[in-house]
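File shown: entry.txt. Contents: compact mmCIF, C-alpha atoms.
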# COMPACT_ATOMS: atom_id res chain seq x y z
CA MET I 277 21.58 -7.67 140.60
CA ARG I 278 20.56 -10.49 138.25
CA ASN I 279 17.57 -8.53 137.01
CA ALA I 280 19.71 -5.46 136.37
CA ALA I 281 22.11 -7.48 134.26
CA VAL I 282 19.25 -8.91 132.14
CA ALA I 283 17.83 -5.42 131.52
CA ALA I 284 21.23 -4.09 130.51
CA THR I 285 21.68 -6.95 128.05
CA ALA I 286 18.24 -6.25 126.50
CA LEU I 287 19.05 -2.57 126.17
CA LEU I 288 22.32 -3.28 124.38
CA ALA I 289 20.55 -5.64 121.95
CA ALA I 290 17.93 -2.98 121.15
CA LEU I 291 20.59 -0.33 120.55
CA SER I 292 22.50 -2.72 118.23
CA LEU I 293 19.35 -3.41 116.17
CA THR I 294 18.63 0.30 115.87
CA ALA I 295 22.17 0.97 114.69
CA CYS I 296 21.91 -1.75 112.04
CA GLN I 297 18.62 -0.32 110.70
CA SER I 298 20.10 3.18 110.57
CA ALA I 299 23.08 1.88 108.63
CA ASP I 300 20.78 0.21 106.16
CA ASP I 301 18.76 3.44 105.69
CA ASP I 302 21.95 5.44 104.91
CA GLY I 303 23.27 2.88 102.41
CA LYS I 304 22.78 2.57 98.66
CA LYS I 305 19.17 1.40 98.69
CA PRO I 306 17.38 3.47 95.94
CA SER I 307 14.62 5.77 96.99
CA ALA I 308 11.12 4.69 95.95
CA SER I 309 10.44 8.16 94.57
CA ALA I 310 13.50 8.29 92.24
CA PRO I 311 12.61 7.74 88.54
CA SER I 312 14.03 4.71 86.80
CA THR I 313 16.75 5.64 84.31
CA SER I 314 16.13 2.57 82.19
CA ALA I 315 12.41 3.11 81.56
CA PRO I 316 11.56 4.82 78.19
CA ALA I 317 10.24 8.36 78.33
CA VAL I 318 6.49 8.55 77.82
CA GLY I 319 5.45 9.65 74.33
CA ASN I 320 8.85 9.13 72.66
CA THR I 321 7.99 5.77 71.08
CA GLU I 322 5.01 7.00 68.97
CA PRO I 323 5.10 9.55 66.08
CA THR I 324 3.60 12.93 66.86
CA THR I 325 0.61 14.20 64.90
CA ASP I 326 2.71 16.73 62.96
CA ALA I 327 5.36 14.25 61.88
CA LYS I 328 6.05 14.39 58.13
CA ALA I 329 4.20 11.81 56.03
CA PRO I 330 6.07 9.80 53.37
CA ALA I 331 6.70 11.80 50.16
CA ALA I 332 3.80 11.53 47.71
CA ASP I 333 4.25 9.62 44.47
CA LYS I 334 5.33 12.30 42.02
CA THR I 335 4.52 10.24 38.91
CA LYS I 336 2.51 12.64 36.75
CA GLN I 337 -0.91 11.41 35.83
CA PRO I 338 -2.38 12.39 32.41
CA THR I 339 -4.73 15.33 32.44
CA ALA I 340 -6.55 17.24 29.75
CA ASP I 341 -3.48 19.47 29.47
CA THR I 342 -0.82 16.75 29.59
CA GLU I 343 -2.34 14.20 27.24
CA PRO I 344 -0.23 13.68 24.11
CA THR I 345 -1.49 15.83 21.30
CA PRO I 346 -3.25 13.53 18.87
CA LYS I 347 -1.72 13.33 15.47
CA GLY I 348 -3.87 15.06 13.03
CA ASN I 349 -5.23 18.34 12.02
CA GLY I 350 -8.89 17.56 12.49
CA LYS I 351 -9.54 17.53 8.75
CA THR I 352 -8.28 14.13 7.67
CA GLY I 353 -8.98 12.07 10.79
CA ASP I 354 -5.70 10.20 11.31
CA GLY I 355 -3.19 13.05 11.24
CA THR I 356 -1.16 11.51 8.43
CA GLY I 357 -3.11 12.87 5.49
CA PRO I 358 -2.63 16.24 3.84
CA VAL I 359 -4.44 19.37 4.93
CA THR I 360 -7.18 20.25 2.43
CA THR I 361 -7.27 23.73 0.93
CA ALA I 362 -9.08 25.37 -1.98
CA CYS I 363 -7.85 24.81 -5.51
CA THR I 364 -6.58 28.04 -7.05
CA GLY I 365 -4.42 29.13 -9.94
CA ALA I 366 -1.39 28.92 -7.63
CA ASN I 367 -1.63 25.22 -6.81
CA THR I 368 -3.01 23.79 -10.06
CA LYS I 369 -2.36 23.36 -13.74
CA VAL I 370 -5.29 23.53 -16.17
CA THR I 371 -5.41 22.25 -19.76
CA VAL I 372 -8.14 22.31 -22.42
CA SER I 373 -8.57 19.75 -25.17
CA LYS I 374 -10.96 18.81 -27.96
CA VAL I 375 -13.12 15.68 -27.68
CA SER I 376 -14.98 13.78 -30.36
CA ARG I 377 -17.95 12.96 -28.13
CA PRO I 378 -20.16 14.67 -27.29
CA ILE I 379 -20.00 17.04 -30.22
CA ASN I 380 -19.29 20.75 -29.76
CA HIS I 381 -17.53 20.07 -26.46
CA LEU I 382 -14.13 20.75 -24.91
CA LEU I 383 -12.67 19.05 -21.84
CA LEU I 384 -11.02 20.95 -19.01
CA THR I 385 -8.50 19.05 -16.87
CA VAL I 386 -7.22 20.53 -13.60
CA THR I 387 -4.21 18.87 -11.95
CA ASN I 388 -3.11 19.53 -8.38
CA THR I 389 0.54 20.66 -8.50
CA GLY I 390 0.77 21.42 -4.77
CA SER I 391 1.81 19.27 -1.82
CA LYS I 392 -1.64 19.28 -0.18
CA ALA I 393 -5.02 18.06 -1.35
CA CYS I 394 -7.25 20.82 -2.66
CA ASN I 395 -11.00 21.16 -3.11
CA ALA I 396 -12.34 22.11 -6.51
CA TYR I 397 -15.43 24.01 -5.41
CA HIS I 398 -18.50 24.43 -7.61
CA ALA I 399 -17.77 24.90 -11.34
CA PRO I 400 -14.90 26.59 -13.14
CA LEU I 401 -15.57 30.24 -13.96
CA LEU I 402 -14.92 30.82 -17.68
CA ARG I 403 -14.47 33.83 -19.92
CA PHE I 404 -13.81 33.48 -23.65
CA ASP I 405 -11.47 36.11 -25.06
CA ASP I 406 -12.34 39.46 -23.47
CA GLY I 407 -15.96 38.59 -22.68
CA GLN I 408 -17.58 40.60 -19.92
CA ALA I 409 -19.83 37.87 -18.50
CA ALA I 410 -18.84 34.48 -17.13
CA THR I 411 -20.06 31.42 -19.03
CA GLN I 412 -23.27 29.91 -17.67
CA ILE I 413 -23.10 26.77 -15.52
CA MET I 414 -25.00 23.50 -16.04
CA ASP I 415 -26.92 23.19 -12.76
CA GLU I 416 -27.85 19.59 -13.48
CA SER I 417 -24.15 18.59 -13.33
CA LYS I 418 -23.72 19.43 -9.64
CA PRO I 419 -22.05 16.43 -7.90
CA GLN I 420 -23.19 15.01 -4.57
CA ALA I 421 -19.99 16.10 -2.85
CA VAL I 422 -17.17 18.56 -3.36
CA VAL I 423 -14.42 17.14 -5.54
CA THR I 424 -11.13 16.83 -3.63
CA ILE I 425 -7.96 16.50 -5.69
CA ALA I 426 -4.92 14.79 -4.16
CA PRO I 427 -1.44 16.00 -5.14
CA ARG I 428 -0.63 15.07 -8.79
CA GLN I 429 -4.21 13.93 -9.36
CA SER I 430 -6.84 15.57 -11.59
CA ALA I 431 -10.48 16.61 -11.86
CA TYR I 432 -12.51 17.45 -14.97
CA ALA I 433 -15.21 19.68 -16.40
CA SER I 434 -16.85 19.73 -19.80
CA ILE I 435 -17.59 22.82 -21.89
CA LEU I 436 -20.53 22.95 -24.25
CA LEU I 437 -19.49 25.38 -27.01
CA ALA I 438 -22.67 25.69 -29.05
CA SER I 439 -26.04 24.00 -29.29
CA ALA I 440 -26.04 20.96 -31.55
CA ASP I 441 -29.24 22.02 -33.34
CA GLY I 442 -27.83 25.41 -34.29
CA SER I 443 -30.37 27.34 -32.26
CA GLY I 444 -27.74 29.46 -30.57
CA GLU I 445 -27.12 33.05 -31.52
CA ASN I 446 -24.22 35.50 -31.54
CA GLY I 447 -21.79 32.82 -32.64
CA GLY I 448 -18.15 33.30 -33.47
CA THR I 449 -14.67 31.90 -32.95
CA ALA I 450 -12.68 32.36 -29.76
CA LYS I 451 -8.94 32.22 -29.24
CA THR I 452 -8.37 32.30 -25.48
CA LEU I 453 -10.09 31.03 -22.39
CA ALA I 454 -9.63 32.37 -18.84
CA VAL I 455 -10.30 29.73 -16.15
CA MET I 456 -10.89 30.88 -12.57
CA PHE I 457 -11.76 29.02 -9.37
CA ALA I 458 -14.72 29.59 -7.09
CA PRO I 459 -14.32 29.86 -3.31
CA ARG I 460 -16.16 27.57 -0.92
CA ASP I 461 -19.12 29.92 -0.57
CA GLY I 462 -19.41 30.26 -4.35
CA SER I 463 -19.17 34.05 -4.24
CA GLY I 464 -16.81 35.58 -6.80
CA SER I 465 -13.47 33.96 -7.58
CA ILE I 466 -10.16 33.36 -5.78
CA GLY I 467 -6.59 33.64 -7.02
CA ASN I 468 -5.32 34.46 -10.47
CA PRO I 469 -6.86 32.83 -13.54
CA HIS I 470 -5.26 30.36 -15.92
CA VAL I 471 -5.35 31.84 -19.44
CA LEU I 472 -5.37 29.09 -22.06
CA THR I 473 -5.03 29.06 -25.82
CA LEU I 474 -8.04 27.38 -27.41
CA PRO I 475 -7.80 24.86 -30.25
CA ALA I 476 -7.82 26.62 -33.60
CA GLY I 477 -11.31 27.33 -34.97
CA THR I 478 -13.14 26.98 -31.64
CA TYR I 479 -16.68 28.18 -32.31
CA ILE I 480 -18.99 29.36 -29.54
CA ASP I 481 -22.43 30.91 -29.30
CA ASP I 482 -24.63 32.18 -26.51
CA THR I 483 -25.64 28.65 -25.46
CA ALA I 484 -22.09 27.92 -24.22
CA ALA I 485 -22.03 26.39 -20.74
CA VAL I 486 -19.69 24.54 -18.37
CA SER I 487 -20.26 21.65 -15.98
CA TYR I 488 -19.31 21.47 -12.32
CA TRP I 489 -15.95 19.90 -11.53
CA GLN I 490 -16.17 16.11 -11.62
CA SER I 491 -13.89 13.44 -10.19
CA SER I 492 -13.73 11.49 -13.48
CA MET I 493 -13.50 12.31 -17.16
CA SER I 494 -16.44 10.06 -18.00
CA ASP I 495 -18.66 11.89 -15.51
CA ALA I 496 -17.68 15.25 -16.95
CA LEU I 497 -18.41 14.20 -20.53
CA THR I 498 -21.98 13.11 -19.76
CA TYR I 499 -23.02 16.79 -19.81
Would you mind writing the file out in structure tokens?
Amino acid sequence: MRNAAVAATALLAALSLTACQSADDDGKKPSASAPSTSAPAVGNTEPTTDAKAPAADKTKQPTADTEPTPKGNGKTGDGTGPVTTACTGANTKVTVSKVSRPINHLLLTVTNTGSKACNAYHAPLLRFDDGQAATQIMDESKPQAVVTIAPRQSAYASILLASADGSGENGGTAKTLAVMFAPRDGSGSIGNPHVLTLPAGTYIDDTAAVSYWQSSMSDALTY
């Protein structure tokens, strides 16, 4: 009887322990396989490879096409000077005057009346009265560089009318003088001529000649 009571007591204790364990298993203990709701999702904390990069600096850098256009026209160097063109009848005024030295000479003065510098190329092309041929040119008077005339400034050329020793032929007096300008290449003439009235009693012969344009009166009158 005593042994039966001890066995019954042990059985009841075992059943009670089993019931307690079952209650614990059905309670709120989280399953080991359930994901944690507080842990961050994998891959959400780093940027993906196709994420947009920061906007590029849009400050425009100078290029050959965006560089400021230099001041200047390529002819005067600094862009502030006038553009040079050829002297013609349209942008000049020409006068003729007598001189005491050298003898048998006249002086031509050409003044730039335009707003741009002009080049007086070669020598003036002259015709006395209604002469058919242009007056010969003194080759020895050719300057080292083309004479450029700034606005309201002048250049000069001398005219030999007749040989001083009287060796010239076909002499006579002339009343008018047509003055034309040569182009850069020296071929023909450009523009309309200036037609001037000569000083009274101007005598010429077939030795008449004209110098190249010179930058100073003194240079012109050495020929």
(message) Which residues are close to Leu402 (chain I), i.e. within 10 Å by all atoms listed in the file, leaving aside same-chain residues fewer than 2 positions away? Reply as a PyMOL selection string.
(response) chain I and resi 399-400+404-405+407+409-413+435+453-457+469-471+485-486
(request) Grab the CA of Ser439 (chain I) to CA of Gly464 (chain I) distance for me, in Å with one decimal place. (result)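 One can read the CA of Ser439 (chain I) to CA of Gly464 (chain I) distance as 26.9 Å.
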(message) Need the shell around Lys369 (chain I): protein/DNA/RNA residues with any atom at most 12 Å away, counting only C-alpha atoms. Skip same-chain ones fewer than 2 positions apart. Format as a VMD selection string?
(response) chain I and resid 363 to 367 371 to 372 384 to 390 425 427 to 432 455 to 457 468 to 472
(request) Work out how far CA of Val375 (chain I) is from CA of Ala396 (chain I), in Å to one decimal. (result) 22.1 Å
(message) I'd like to know which of I:Ala450, I:Ala421, I:Ala362, I:Val370 is closest to Ile480 (chain I), using all atoms listed in the file.
(response)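 Closest residue, counting all atoms listed in the file: I:Ala450.
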(message) Using Å and a single decimal, report how far CA of Asp406 (chain I) sits from CA of Ala440 (chain I).
(response) 24.4 Å
(message) Please determine, counting all atoms listed in the file, which residue among I:Arg460, I:Lys392, I:Ala496, I:Gly448 has the shortest atom-to-atom distance to Asp482 (chain I).
(response)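 Closest residue, counting all atoms listed in the file: I:Gly448.
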(request) List the neighbours of Gly462 (chain I) out to 10 Å using all atoms listed in the file; skip same-chain residues closer than 3 positions along the sequence, and give me the result as a PyMOL selection string. (result) chain I and resi 397-399+457-459+465-466
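With distances restricted to all atoms listed in the file, I:Ala484 is the closest residue to Asn380 (chain I) from I:Leu474, I:Ala484, I:Ala433, I:Ala426.
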